[in-house]
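Here's entry32.pdb, which has PDB, C-alpha atoms:
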ATOM      1  CA  MET F   1      46.822  74.344  71.274  1.00  0.00           C
ATOM      2  CA  LEU F   2      48.574  77.592  70.866  1.00  0.00           C
ATOM      3  CA  ILE F   3      52.035  76.494  72.083  1.00  0.00           C
ATOM      4  CA  THR F   4      54.283  75.168  69.375  1.00  0.00           C
ATOM      5  CA  PRO F   5      56.226  71.944  69.966  1.00  0.00           C
ATOM      6  CA  ALA F   6      59.579  73.841  69.929  1.00  0.00           C
ATOM      7  CA  TYR F   7      58.673  75.846  73.053  1.00  0.00           C
ATOM      8  CA  ALA F   8      57.171  72.908  74.832  1.00  0.00           C
ATOM      9  CA  GLN F   9      60.391  70.871  74.769  1.00  0.00           C
ATOM     10  CA  ALA F  10      62.437  70.790  77.958  1.00  0.00           C
ATOM     11  CA  ALA F  11      65.553  72.931  78.137  1.00  0.00           C
ATOM     12  CA  GLY F  12      68.870  71.169  77.625  1.00  0.00           C
ATOM     13  CA  ALA F  13      70.876  69.914  80.618  1.00  0.00           C
ATOM     14  CA  GLY F  14      72.962  72.590  82.422  1.00  0.00           C
ATOM     15  CA  ASP F  15      76.348  73.133  80.839  1.00  0.00           C
ATOM     16  CA  THR F  16      79.229  72.750  83.337  1.00  0.00           C
ATOM     17  CA  ASN F  17      81.182  75.450  81.567  1.00  0.00           C
ATOM     18  CA  SER F  18      78.413  78.026  81.991  1.00  0.00           C
ATOM     19  CA  MET F  19      78.110  77.179  85.703  1.00  0.00           C
ATOM     20  CA  LEU F  20      81.847  77.744  86.175  1.00  0.00           C
ATOM     21  CA  MET F  21      81.632  81.052  84.336  1.00  0.00           C
ATOM     22  CA  SER F  22      78.768  82.198  86.566  1.00  0.00           C
ATOM     23  CA  LEU F  23      80.795  81.446  89.742  1.00  0.00           C
ATOM     24  CA  LEU F  24      84.032  82.993  88.430  1.00  0.00           C
ATOM     25  CA  PRO F  25      83.103  86.631  89.292  1.00  0.00           C
ATOM     26  CA  PHE F  26      82.428  85.665  92.932  1.00  0.00           C
ATOM     27  CA  ALA F  27      85.800  83.934  93.211  1.00  0.00           C
ATOM     28  CA  LEU F  28      87.490  86.903  91.583  1.00  0.00           C
ATOM     29  CA  ILE F  29      85.864  89.325  94.044  1.00  0.00           C
ATOM     30  CA  PHE F  30      87.065  87.191  96.974  1.00  0.00           C
ATOM     31  CA  VAL F  31      90.649  87.154  95.659  1.00  0.00           C
ATOM     32  CA  ILE F  32      90.642  90.920  95.151  1.00  0.00           C
ATOM     33  CA  MET F  33      89.251  91.515  98.662  1.00  0.00           C
ATOM     34  CA  TYR F  34      91.925  89.244 100.143  1.00  0.00           C
ATOM     35  CA  PHE F  35      94.803  91.131  98.531  1.00  0.00           C
ATOM     36  CA  LEU F  36      93.380  94.637  99.016  1.00  0.00           C
ATOM     37  CA  ILE F  37      91.811  94.347 102.477  1.00  0.00           C
ATOM     38  CA  LEU F  38      92.603  91.226 104.498  1.00  0.00           C
ATOM     39  CA  ARG F  39      96.317  90.798 103.787  1.00  0.00           C
ATOM     40  CA  PRO F  40      97.351  94.417 104.574  1.00  0.00           C
ATOM     41  CA  GLN F  41      95.258  94.325 107.763  1.00  0.00           C
ATOM     42  CA  GLN F  42      96.980  91.131 108.922  1.00  0.00           C
ATOM     43  CA  LYS F  43     100.374  92.745 108.265  1.00  0.00           C
ATOM     44  CA  LYS F  44      99.383  95.820 110.254  1.00  0.00           C
ATOM     45  CA  VAL F  45      98.262  93.670 113.210  1.00  0.00           C
ATOM     46  CA  ARG F  46     101.527  91.695 113.096  1.00  0.00           C
ATOM     47  CA  ASP F  47     103.612  94.905 113.023  1.00  0.00           C
ATOM     48  CA  HIS F  48     101.679  96.346 115.991  1.00  0.00           C
ATOM     49  CA  ALA F  49     102.202  93.151 117.997  1.00  0.00           C
ATOM     50  CA  ASP F  50     105.958  93.358 117.332  1.00  0.00           C
ATOM     51  CA  LEU F  51     105.999  97.035 118.309  1.00  0.00           C
ATOM     52  CA  VAL F  52     104.171  96.356 121.585  1.00  0.00           C
ATOM     53  CA  LYS F  53     106.351  93.357 122.412  1.00  0.00           C
ATOM     54  CA  ASN F  54     109.583  95.364 121.977  1.00  0.00           C
ATOM     55  CA  ILE F  55     108.697  98.309 124.232  1.00  0.00           C
ATOM     56  CA  ARG F  56     111.369  98.858 126.867  1.00  0.00           C
ATOM     57  CA  ARG F  57     112.380 101.386 129.482  1.00  0.00           C
ATOM     58  CA  GLY F  58     113.417 104.737 128.034  1.00  0.00           C
ATOM     59  CA  ASP F  59     111.208 104.586 124.929  1.00  0.00           C
ATOM     60  CA  THR F  60     108.991 107.545 124.143  1.00  0.00           C
ATOM     61  CA  VAL F  61     105.523 106.184 123.352  1.00  0.00           C
ATOM     62  CA  VAL F  62     102.233 107.545 122.040  1.00  0.00           C
ATOM     63  CA  THR F  63      99.052 105.932 123.337  1.00  0.00           C
ATOM     64  CA  SER F  64      95.836 105.487 121.407  1.00  0.00           C
ATOM     65  CA  GLY F  65      94.343 108.202 123.616  1.00  0.00           C
ATOM     66  CA  GLY F  66      96.988 110.694 122.484  1.00  0.00           C
ATOM     67  CA  LEU F  67      99.217 110.759 125.564  1.00  0.00           C
ATOM     68  CA  VAL F  68     102.950 111.042 124.927  1.00  0.00           C
ATOM     69  CA  GLY F  69     105.370 109.910 127.590  1.00  0.00           C
ATOM     70  CA  LYS F  70     108.608 108.180 128.426  1.00  0.00           C
ATOM     71  CA  VAL F  71     108.479 104.576 129.650  1.00  0.00           C
ATOM     72  CA  THR F  72     109.845 104.363 133.186  1.00  0.00           C
ATOM     73  CA  LYS F  73     108.963 100.770 133.991  1.00  0.00           C
ATOM     74  CA  VAL F  74     107.773  97.669 132.197  1.00  0.00           C
ATOM     75  CA  VAL F  75     105.405  96.206 134.779  1.00  0.00           C
ATOM     76  CA  ASP F  76     104.636  92.869 133.088  1.00  0.00           C
ATOM     77  CA  ASP F  77     103.625  91.427 129.726  1.00  0.00           C
ATOM     78  CA  ASP F  78     100.387  93.427 129.754  1.00  0.00           C
ATOM     79  CA  GLN F  79     101.238  96.770 131.382  1.00  0.00           C
ATOM     80  CA  ILE F  80     103.808  99.541 131.171  1.00  0.00           C
ATOM     81  CA  GLU F  81     104.320 102.589 133.343  1.00  0.00           C
ATOM     82  CA  PHE F  82     105.281 105.844 131.684  1.00  0.00           C
ATOM     83  CA  GLU F  83     105.850 109.418 132.759  1.00  0.00           C
ATOM     84  CA  ILE F  84     103.808 112.119 131.035  1.00  0.00           C
ATOM     85  CA  ALA F  85     105.141 115.027 133.128  1.00  0.00           C
ATOM     86  CA  ASP F  86     107.623 115.489 135.973  1.00  0.00           C
ATOM     87  CA  GLY F  87     106.460 113.174 138.734  1.00  0.00           C
ATOM     88  CA  VAL F  88     103.260 112.128 136.921  1.00  0.00           C
ATOM     89  CA  ARG F  89     103.351 108.425 136.107  1.00  0.00           C
ATOM     90  CA  VAL F  90     100.577 106.505 134.408  1.00  0.00           C
ATOM     91  CA  ARG F  91     100.019 102.767 133.971  1.00  0.00           C
ATOM     92  CA  GLN F  92      98.736 101.699 130.594  1.00  0.00           C
ATOM     93  CA  MET F  93      97.956  98.443 128.847  1.00  0.00           C
ATOM     94  CA  ARG F  94     100.654  97.639 126.292  1.00  0.00           C
ATOM     95  CA  SER F  95      98.095  96.985 123.581  1.00  0.00           C
ATOM     96  CA  MET F  96      96.885 100.583 123.837  1.00  0.00           C
ATOM     97  CA  VAL F  97     100.248 101.964 122.664  1.00  0.00           C
ATOM     98  CA  SER F  98      99.846 103.145 119.088  1.00  0.00           C
ATOM     99  CA  GLY F  99     103.439 104.079 118.345  1.00  0.00           C
ATOM    100  CA  VAL F 100     106.982 104.509 119.595  1.00  0.00           C
ATOM    101  CA  ARG F 101     108.472 107.911 118.812  1.00  0.00           C
ATOM    102  CA  ALA F 102     112.029 107.405 120.054  1.00  0.00           C
ATOM    103  CA  LYS F 103     113.796 104.281 121.133  1.00  0.00           C
ATOM    104  CA  GLY F 104     115.571 104.686 124.446  1.00  0.00           C
ATOM    105  CA  GLU F 105     118.791 103.098 125.549  1.00  0.00           C
ATOM    106  CA  PRO F 106     118.559 100.162 127.933  1.00  0.00           C
ATOM    107  CA  ALA F 107     118.546 101.186 131.564  1.00  0.00           C
ATOM    108  CA  LYS F 108     121.710 100.579 133.555  1.00  0.00           C
ATOM    109  CA  ASP F 109     121.217  97.729 135.966  1.00  0.00           C
ATOM    110  CA  SER F 110     123.853  98.459 138.562  1.00  0.00           C
ATOM    111  CA  ALA F 111     125.559 101.380 140.217  1.00  0.00           C
ATOM    112  CA  LYS F 112     128.967  99.908 139.283  1.00  0.00           C
ATOM    113  CA  GLU F 113     128.375 100.602 135.596  1.00  0.00           C
ATOM    114  CA  SER F 114     127.464 104.217 136.248  1.00  0.00           C
ATOM    115  CA  ALA F 115     130.499 104.635 138.489  1.00  0.00           C
ATOM    116  CA  LYS F 116     132.726 103.233 135.719  1.00  0.00           C
ATOM    117  CA  GLU F 117     131.246 105.627 133.183  1.00  0.00           C
ATOM    118  CA  ASN F 118     131.708 108.575 135.543  1.00  0.00           C
ATOM    119  CA  ALA F 119     135.354 107.571 136.029  1.00  0.00           C
ATOM    120  CA  LYS F 120     135.825 107.373 132.232  1.00  0.00           C
ATOM    121  CA  ASP F 121     134.256 110.801 131.783  1.00  0.00           C
ATOM    122  CA  ASP F 122     136.506 112.298 134.482  1.00  0.00           C
ATOM    123  CA  ALA F 123     139.594 110.718 132.923  1.00  0.00           C
ATOM    124  CA  ALA F 124     138.613 111.956 129.468  1.00  0.00           C
ATOM    125  CA  SER F 125     138.074 115.513 130.702  1.00  0.00           C
ATOM    126  CA  LYS F 126     141.573 115.723 132.285  1.00  0.00           C
TER
END

Show this structure as C-alpha cells.
Amino acid sequence: MLITPAYAQAAGAGDTNSMLMSLLPFALIFVIMYFLILRPQQKKVRDHADLVKNIRRGDTVVTSGGLVGKVTKVVDDDQIEFEIADGVRVRQMRSMVSGVRAKGEPAKDSAKESAKENAKDDAASK
C-alpha cells in the first residue's frame, strides 16, 4: 500500500487544554459585548424609568415626537396632560416623554396657601 503506518494511526485523544483555548475567544467576545452594549443600555432604561416616574405638574417636558410643553395634570400612572400653547392641552403616555427640560415647583393644593403668600408679599412691599 502507499500509505505509511505513521499516517494510518489514529489521532491522539482531544486535549482538554486546546478545547478550552478554542472556546476562550467566544467567552471573551460575550464579556466585551456585555460591558460595551448590554450594561449601558440597561442603565439608560433604568434612568428613563426614573425620569418618567418623577414627572410632576409644572415640569417642562419634551416628547419623543418633539413636542415641548408644560405639564398641567398628571392623569394617572400611564398618562400626563401638558400644554403646548395657550389653551392647547394634549394627553400623552408617560413612556413617550424623552426628557424633562425644567423641573417645576409643586402645585399649591389650597387657596389658603396662596392667600398666605399674597399677604406676605403685601406685608413685605409696605

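Compared by their closest atoms to Gly66 in chain F, and using all atoms listed in the file, the residues F:Val31, F:Leu36, F:Met96, F:Met21 rank with F:Met96 nearest.
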
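The space between CA of Gly58 in chain F and CA of Lys103 in chain F spans 6.9 Å.
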
Once 5 Å is added on each side, what are the centre and the three edge lengths, in Å to one decimal, of the axis-aligned box enclosing the listed atoms of range 59-67 of chain F? Present them as JSON.
{"center_x": 102.8, "center_y": 107.7, "center_z": 123.5, "size_x": 26.9, "size_y": 16.2, "size_z": 14.2}

Selection under test: the PyMOL selection byres ((chain F and resi 71-75) around 9); residues as a list in words: Ile55, Arg56, Arg57, Gly58, Asp59, Thr60, Val61, Gly69, Lys70, Asp76, Asp77, Asp78, Gln79, Ile80, Glu81, Phe82, Glu83, Ile84, Arg89, Arg91 and Gly104 of chain F

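Distance-wise, CA of Gly65 in chain F and CA of Ile37 in chain F end up 25.4 Å apart.
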
Could you jot down the CA of Ile32 in chain F to CA of Asn17 in chain F separation for me, Å, one decimal place? 22.7 Å

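Take the PyMOL selection byres ((chain F and resi 40-51) around 10) and apply it to this file: it picks Tyr34, Phe35, Leu36, Ile37, Leu38, Arg39, Val52, Lys53, Asn54, Ile55, Arg94, Ser95, Val97, Ser98, Gly99 and Val100 of chain F.
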